[in-house]
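Inspection log for the structure reproduced underneath, given as structure tokens.
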Amino acid sequence: MVDGIGIGAADAWDALHRELAPIPGTMLLGSVRSEDLLLLRSQADCAQITVSLDEEVAEQIHTALSASGATMAPHWREAYEAADGLTLEFTHLLTRGRRLADVLSEQVERRVAEGRQAEIEILARTSIAHRWGVDLPLRALQQQIGLEDSDLRIALARLADEHLVHERQGRLSGLHQLRSARLADAVHAFPPPVLDETVSAVMQLLTDAQLQPFVVGVLSDRPDLDSVVLDQITVELSRRSGTEATIGVLQALRLADVTRCATDWAQILDRHQVPPSLRPTTLQFALMDGDLLPNLKDEVEAAISEIRATGSSGSPLRDALTDLLGTTTVGLLLAQCDDPAEAQRLLAVLAGAELDITGWPLVLSDSSFGRVLAAAPVESLGDILTAARTVSVGLAGELLRLVGGEEHILSVLKAHSPWVTEASVVEKDGSRVAYARLLHVSDQAQPDSEQELREFGKTLLRCLPECDSVDVQNLLPGGFPLAIGAFTSGVSHLKRQYDKSPAQVAWIRTRSLIGAMTANAADWTTRTATAYTELPSLHRYLTELARIWCTGRRPKDPDDLRTMQAKLQEWANSLVRPVDTSFLSTLPVGEVVPGGGADHLQMLVNGIAENLTRRIGDPQQYAALAGYVGENLKGLALRVREEERWHLIGQAPPDVLDQLATILTDLHAVLAELAWGTLGPKPLTAEARSGPSTQALTRAANLARRAAHTRADAAPLKLQADAASAGLRVNVYTRPVPEPDPTEWPATELAVGVELNELTEWQTALEKLSALLKHDPGSQGTRRAVLLVPLIAGRPVRLMAHQLQTTLWPGIGLFDTWKATLPEAYPTPLTDACIDAHQALQCLSGLADLASLREIDSRHQEVAEQAVARFRQACRAIAELRLGEPVTETVVGFLDGLALRVEAEVAEVETLRNSGVPTLAAAIAHGATGHPNDDYQQLHGLTTIALQWDLDPARAERLLAGADV
């Protein structure tokens with residue numbers, strides 16, 4: 001057996017082959033590098049076996065290394081996936097040994113000894129480039145080195161044969177970043193080439209987009225190269241047009257600074273002994289503005305305060321480059337931005353920079369950027385001003401003045417939204433507040449008014465950089481707030497500190513991810529293997545804890561239980577999700593950065609070993625625990641089953657997670673019954689003790705479920721009896737909740753139909769039912785809204801449906817979800833048409849109200865035309881019914897009169913503005929907010945008579961005789 005054929009004398013193998021070939025029964029084995037095969041004359045007479053890394057070989061290598069103690073990795077899969085088919089890299093990832101470095105150093109030394117300078121030059125540039133995340137253009141590299149095609153072809157062939165470089169579509173790269181890093185070290189261990197020179201040479205070959213990842217890589221690994229890189233960046237930017245390169249390197253310098261700060265953060269976390277599991281959250285809080293949350297652990301609060309005190313939000317490297325470039329140059333770069341997104345990216349990477357912007361307004365006013373700013377829609381303008389404000393409030397203020405100042409922007413914003421009636425800046429409690437009022441004309445015209453208000457509030461705040469918050473509110477015609485009872489909707493008081501642009505959010509997440517990666521060294525294989533081993537202990541602990549609790553008996557071995565709990569808590573404290581930040585170096589500025597994600601495994605282990613254990617002995621905690629166990633903990637067990645990377649250890653998700661979910665489901669049932677049911681501890685404990693202890697929790701849970709089902713079955717009968725005592729005839733319908741909340745116990749929904757002779761009886765019936773259906777969530781658990789609907793001759797009247805939660809609300813939407821269960825509802829064509837017609841008139845009246853407060857434009861005219869069309873369509877629908885009857889004639893006459901009134905409101909806007917007389921829309925709005933008036937009462941009378949006509953025309957005529965419509 002000969003290892004390394006060709007390393008010594010080239011003809012030694014051929015001579016040995018000639019000597020041994022005639023001897024029967026002799027096998028000659030040898031290993032040879034690809035580049036040395038051409039030197040062997042006897043290769044045609046030898047069988048060649050190419051060795052490659054596949055799963056079988058990887059498993060065999062891992063087994064052998066584990067047996068020799070060379071690796072502690074519990075499985076080979078993660079290293080195999082990272083090695084990209086390269087055996088040396090795979091072995092290195094498993095052992096962290098020197099074999100990779102030694103082999104590559106020998107290959108470099110051999111080239112140095114043989115004077116293969118072209119290969120050294122190619123290797124130096126290619127390995128440096130690939131080590132830090134980029135490839136190189138072949139022709140540009142050839143030109144820089146000064147090689148003829150023939151010389152380049154020979155050099156590349158030898159390098160490729162030895163798996164040192166890889167060429168694809170005219171670009172050169174290494175085979176693996178690990179290999180390239182070791183090659184770069186080896187090449188520069190025998191200067192020349194000199195590392196400084198190679199870095200500068202590589203930067204000359206890079207595209208604008210490649211500068212960012214390369215600079216991040218160099219400065220993160222080699223702080224000693226700061227001056228070299230900054231000097232070369234200055235040279236590169238001076239010869240490149242556009243802003244892409246500048247934005248990229250400024251972002252790269254910020255990333256490098258964060259990487260360096262992260263080392264200090266990790267030391268602070270160590271010093272305050274913050275557990276690994278809490279470090280990602282601690283860093284997130286430390287890197288965000290705002291007050292600290294209450295009840296933080298002492299070590300977490302101390303670490304947050306110290307990290308914030310370090311002033312780590314700055315970027316010394318970025319600031320050093322802006323100093324080298326000069327603020328005038330930076331201002332000229334902004335001036336040449338001809339796209340809003342480009343300007344936002346440049347401003348984002350300058351966030352926090354201390355720039356002298358004295359001459360910028362003059363430069364920007366007559367520039368591509370100035371024209372972009374002037375033509376930008378308000379949302380885009382707000383985004384640009386927000387980005388500028390992260391640089392300085394002064395810069396944002398100057399940009400605002402370039403587009404006309406606050407008063408101009410307020411007028412633009414008022415014109416931008418068709419519903420704004422007021423917009424200004426006011427002083428409140430020593431700060432400037434952006435103030436606006438919008439008119440809610442109708443639900444048909446503004447179906448998403450709540451979301452539109454919030455978006456307008458955000459845009460308003462972003463367009464006024466000197467304001468700290470907003471005061472924005474939707475009002476009904478007449479200036480009434482959108483209030484039902486004590487609840488007022490349509491209000492935004494957004495504060496600046498809580499409005500983060502996408503670029504700001506991305507930067508916060510970027511810093512948090514880098515900090516988390518630096519503070520916690522973790523890998524998925526070790527984590528998953530540990531979880532697979534330790535989850536049975538968690539199951540055993542939970543089983544014992546639940547048994548002790550539900551039987552009320554002491555543990556057989558208290559010390560063993562405490563030891564289990566302590567170990568589980570220690571495991572929970574040590575758990576952390578591995579973080580991959582490699583994508584950050586190439587991610588363009590402002591792109592979405594995914595969050596680190598919640599660690600569901602840690603939350604599950606800690607939730608059982610600490611949270612549940614601490615609280616389960618306190619009966620006052622049963623209600624809160626029922627929700628926590630039934631939703632949080634059970635959901636965590638299922639998420640861990642789906643999310644952890646079990647394939648890395650060659651396993652399916654362990655069955656113990658399903659078993660944990662089963663225990664938690666049973667535990668929830670017992671807790672829920674104790675919190676909201678009728679069974680007390682004694683019967684549940686007795687049931688738990690009535691058989692083998694291994695089934696104690698299951699028996700208690702089944703008893704709790706039976707009790708809940710019994711109550712659910714009895715509830716309709718009890719309600720019918722109570723209603724009868726109150727003089728009501730009711731039909732009660734039930735259905736199971738498809739996806740119940742854990743606080744719903746029992747998880748059933750109710751619908752109640754009330755038999756009435758006259759619709760006028762409905763209000764009294766509602767009051768009685770509300771009293772009968774009073775529900776205390778604290779002692780009875782959560783209950784879904786109960787549908788209440790009148791029944792006339794056994795059929796429901798949909799338009800009069802209500803839903804009862806704590807108070808009564810309109811219930812038409814809820815009624816529609818019960819259609820399949822309830823009898824068929826009455827058709828109500830006249831009532832539907834009356835409501836449509838009246839709502840259309842309200843919309844037109846609301847527009848008249850709006851016209852008294854602001855200018856009207858084509859958007860409002862379109863809404864008005866749609867309302868007129870709806871009114872006419874409703875009138876046609878009424879006309880198709882039986883005309884000539886007193887009820888329909890009265891309805892038509894009433895609507896015609898209202899139409900004339902609204903027509904006058906629209907025609908006499910100026911008179912309306914000063915008259916103080918409420919419009920139809922204002923009167924209805926006032927009545928709907930709890931202040932009855934004639935218009936509101938007449939609307940109620942109209943719908944009542946129309947509805948009665950739909951049900952019984954003759955009875956409607958009798959009702960009309962006593963109505964004032």
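Please note that chains go A, B, ... in the order of the structure tokens, that every chain numbers its residues from 1, and that ligands are numbered from 1 in the order shown.
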Notebook entry, point to check: If you count only C-alpha atoms, which residues fall within 9 Å of stretch 845-857 of chain A, apart from same-chain ones fewer than 4 positions away, as number ranges by chain?
Noted result: A: 414-415, 418-422, 439-442, 476-478, 840-841, 861-864, 901-903, 905-914, 918-922
Next item on the list: From the DSSP assignment of the backbone, select every residue of stretch 711-823 of chain A that is helix (DSSP H, G or I), and format the answer as an NGL selection string.
Entry: :A and (711-725 or 759-772 or 777-780 or 798-800 or 812-817)
Check: To one decimal place, how far is atom CA of A:Glu197 from atom CA of A:Leu141 in Å?
Finding: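 Straight-line distance from atom CA of A:Glu197 to atom CA of A:Leu141 works out to 14.2 Å.
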Considering only C-alpha atoms, return as a PDB file with C-alpha atoms, in the first residue's frame whatever protein or nucleic-acid residues lie within 9 Å of stretch 564-578 of chain A, sequence-local ones (same chain, fewer than 6 positions apart) excluded.
ATOM      1  CA  PRO A 275     -28.696  32.681  31.125  1.00  0.00           C
ATOM      2  CA  PRO A 276     -28.213  31.755  27.459  1.00  0.00           C
ATOM      3  CA  SER A 277     -31.958  31.300  27.007  1.00  0.00           C
ATOM      4  CA  LEU A 278     -32.607  34.943  27.982  1.00  0.00           C
ATOM      5  CA  ARG A 279     -29.802  36.516  25.965  1.00  0.00           C
ATOM      6  CA  PRO A 280     -31.620  37.014  22.647  1.00  0.00           C
ATOM      7  CA  ALA A 516     -27.316  36.583  19.704  1.00  0.00           C
ATOM      8  CA  MET A 517     -24.917  34.623  17.507  1.00  0.00           C
ATOM      9  CA  ASN A 520     -24.396  31.974  22.270  1.00  0.00           C
ATOM     10  CA  ALA A 521     -22.446  29.302  20.463  1.00  0.00           C
ATOM     11  CA  ALA A 522     -24.927  26.604  19.509  1.00  0.00           C
ATOM     12  CA  ASP A 523     -25.441  24.066  16.761  1.00  0.00           C
ATOM     13  CA  TRP A 524     -28.582  22.267  15.675  1.00  0.00           C
ATOM     14  CA  ARG A 527     -29.428  20.814  20.460  1.00  0.00           C
ATOM     15  CA  GLU A 534     -33.861  14.811  27.669  1.00  0.00           C
ATOM     16  CA  SER A 537     -37.117  13.195  31.523  1.00  0.00           C
ATOM     17  CA  LEU A 538     -39.493  16.106  30.976  1.00  0.00           C
ATOM     18  CA  ARG A 540     -41.451  11.696  33.462  1.00  0.00           C
ATOM     19  CA  TYR A 541     -41.358  14.875  35.539  1.00  0.00           C
ATOM     20  CA  GLY A 596     -34.706  35.084  15.419  1.00  0.00           C
ATOM     21  CA  GLY A 597     -37.979  33.356  16.238  1.00  0.00           C
ATOM     22  CA  ALA A 598     -39.291  32.113  19.543  1.00  0.00           C
ATOM     23  CA  ASP A 599     -37.547  29.122  21.091  1.00  0.00           C
ATOM     24  CA  LEU A 601     -38.425  24.034  23.022  1.00  0.00           C
ATOM     25  CA  GLN A 602     -37.062  26.325  25.722  1.00  0.00           C
ATOM     26  CA  MET A 603     -40.519  27.715  26.415  1.00  0.00           C
ATOM     27  CA  LEU A 604     -41.914  24.195  26.798  1.00  0.00           C
ATOM     28  CA  VAL A 605     -39.206  22.968  29.172  1.00  0.00           C
ATOM     29  CA  ASN A 606     -39.195  26.142  31.241  1.00  0.00           C
ATOM     30  CA  ILE A 608     -43.318  22.915  32.792  1.00  0.00           C
ATOM     31  CA  ALA A 609     -40.289  22.887  35.081  1.00  0.00           C
ATOM     32  CA  GLU A 610     -40.649  26.453  36.373  1.00  0.00           C
ATOM     33  CA  THR A 613     -44.510  23.867  38.934  1.00  0.00           C
TER      34      THR A 613
END
Check: If we count only C-alpha atoms, what is near A:Asp366 at a cut-off of 12 Å, once residues fewer than 6 positions away on the same chain are taken out, given as JSON, numbers by chain?
Finding: {"A": [332, 334, 335, 336, 360, 372, 373, 374, 402, 403]}
Take the residues from that selection and write them out as a PDB file, in the first residue's frame, keeping N, CA, C and O atoms.
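Dumped to again35.pdb:
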ATOM      1  N   LEU A 332     -23.611  65.365  -2.113  1.00  0.00           N
ATOM      2  CA  LEU A 332     -23.712  65.227  -3.569  1.00  0.00           C
ATOM      3  C   LEU A 332     -24.240  63.852  -3.963  1.00  0.00           C
ATOM      4  O   LEU A 332     -24.969  63.719  -4.952  1.00  0.00           O
ATOM      5  N   LEU A 334     -26.391  62.110  -2.199  1.00  0.00           N
ATOM      6  CA  LEU A 334     -27.836  62.176  -1.987  1.00  0.00           C
ATOM      7  C   LEU A 334     -28.489  62.966  -3.110  1.00  0.00           C
ATOM      8  O   LEU A 334     -29.579  62.612  -3.581  1.00  0.00           O
ATOM      9  N   ALA A 335     -27.838  64.017  -3.540  1.00  0.00           N
ATOM     10  CA  ALA A 335     -28.406  64.862  -4.590  1.00  0.00           C
ATOM     11  C   ALA A 335     -28.615  64.098  -5.892  1.00  0.00           C
ATOM     12  O   ALA A 335     -29.540  64.397  -6.657  1.00  0.00           O
ATOM     13  N   GLN A 336     -27.777  63.101  -6.168  1.00  0.00           N
ATOM     14  CA  GLN A 336     -27.905  62.390  -7.436  1.00  0.00           C
ATOM     15  C   GLN A 336     -28.905  61.240  -7.384  1.00  0.00           C
ATOM     16  O   GLN A 336     -29.167  60.601  -8.402  1.00  0.00           O
ATOM     17  N   TRP A 360     -26.010  71.519   2.377  1.00  0.00           N
ATOM     18  CA  TRP A 360     -26.849  70.552   1.673  1.00  0.00           C
ATOM     19  C   TRP A 360     -28.112  71.149   1.051  1.00  0.00           C
ATOM     20  O   TRP A 360     -28.451  70.792  -0.088  1.00  0.00           O
ATOM     21  N   VAL A 372     -37.185  64.451  -7.028  1.00  0.00           N
ATOM     22  CA  VAL A 372     -37.856  63.254  -6.490  1.00  0.00           C
ATOM     23  C   VAL A 372     -38.675  63.623  -5.262  1.00  0.00           C
ATOM     24  O   VAL A 372     -39.826  63.209  -5.102  1.00  0.00           O
ATOM     25  N   LEU A 373     -38.077  64.440  -4.412  1.00  0.00           N
ATOM     26  CA  LEU A 373     -38.751  64.847  -3.184  1.00  0.00           C
ATOM     27  C   LEU A 373     -40.016  65.643  -3.493  1.00  0.00           C
ATOM     28  O   LEU A 373     -41.071  65.423  -2.893  1.00  0.00           O
ATOM     29  N   ALA A 374     -39.918  66.547  -4.445  1.00  0.00           N
ATOM     30  CA  ALA A 374     -41.062  67.396  -4.777  1.00  0.00           C
ATOM     31  C   ALA A 374     -42.199  66.606  -5.404  1.00  0.00           C
ATOM     32  O   ALA A 374     -43.376  66.934  -5.211  1.00  0.00           O
ATOM     33  N   LEU A 402     -37.624  72.080   1.953  1.00  0.00           N
ATOM     34  CA  LEU A 402     -37.427  72.038   0.502  1.00  0.00           C
ATOM     35  C   LEU A 402     -38.734  71.793  -0.248  1.00  0.00           C
ATOM     36  O   LEU A 402     -38.882  72.226  -1.400  1.00  0.00           O
ATOM     37  N   VAL A 403     -39.675  71.083   0.385  1.00  0.00           N
ATOM     38  CA  VAL A 403     -40.942  70.786  -0.296  1.00  0.00           C
ATOM     39  C   VAL A 403     -42.066  71.720   0.157  1.00  0.00           C
ATOM     40  O   VAL A 403     -43.237  71.447  -0.104  1.00  0.00           O
TER      41      VAL A 403
END
Next item on the list: Can you work out which one of A:Arg158, A:Arg33, A:Arg77, A:His802 has the shortest atom-to-atom distance to A:Gly650, counting only C-alpha atoms?
Entry: A:Arg77
Item checked: Among the residues A:Val732, A:Ala79, A:Ala209, A:Leu293, the one that comes closest to A:Ala58 [using only C-alpha atoms] ->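 The shortest atom-to-atom distance to A:Ala58 comes from A:Ala79.
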Next item on the list: Once DSSP has gone over the backbone, tell me which residues of stretch 52-182 of chain A are in strand (DSSP E), as a ChimeraX atom specification.
Entry: /A:136-137,166-168,171-173
Take the residues from that selection and write them out as an mmCIF file, in the first residue's frame, keeping C-alpha atoms.
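This is the output file part_4.cif:
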data_model
loop_
_atom_site.group_PDB
_atom_site.id
_atom_site.type_symbol
_atom_site.label_atom_id
_atom_site.label_comp_id
_atom_site.auth_asym_id
_atom_site.auth_seq_id
_atom_site.Cartn_x
_atom_site.Cartn_y
_atom_site.Cartn_z
ATOM 1 C CA LEU A 136 -13.890 36.923 -9.204
ATOM 2 C CA PRO A 137 -14.181 37.569 -12.952
ATOM 3 C CA HIS A 166 -13.504 26.257 -9.342
ATOM 4 C CA GLU A 167 -14.381 28.002 -12.606
ATOM 5 C CA ARG A 168 -17.955 28.472 -13.786
ATOM 6 C CA ARG A 171 -15.924 33.382 -12.745
ATOM 7 C CA LEU A 172 -13.431 31.915 -10.291
ATOM 8 C CA SER A 173 -14.211 30.745 -6.783
#
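Going from atom CA of A:Leu728 over to atom CA of A:Thr807, you cover 20.0 Å.
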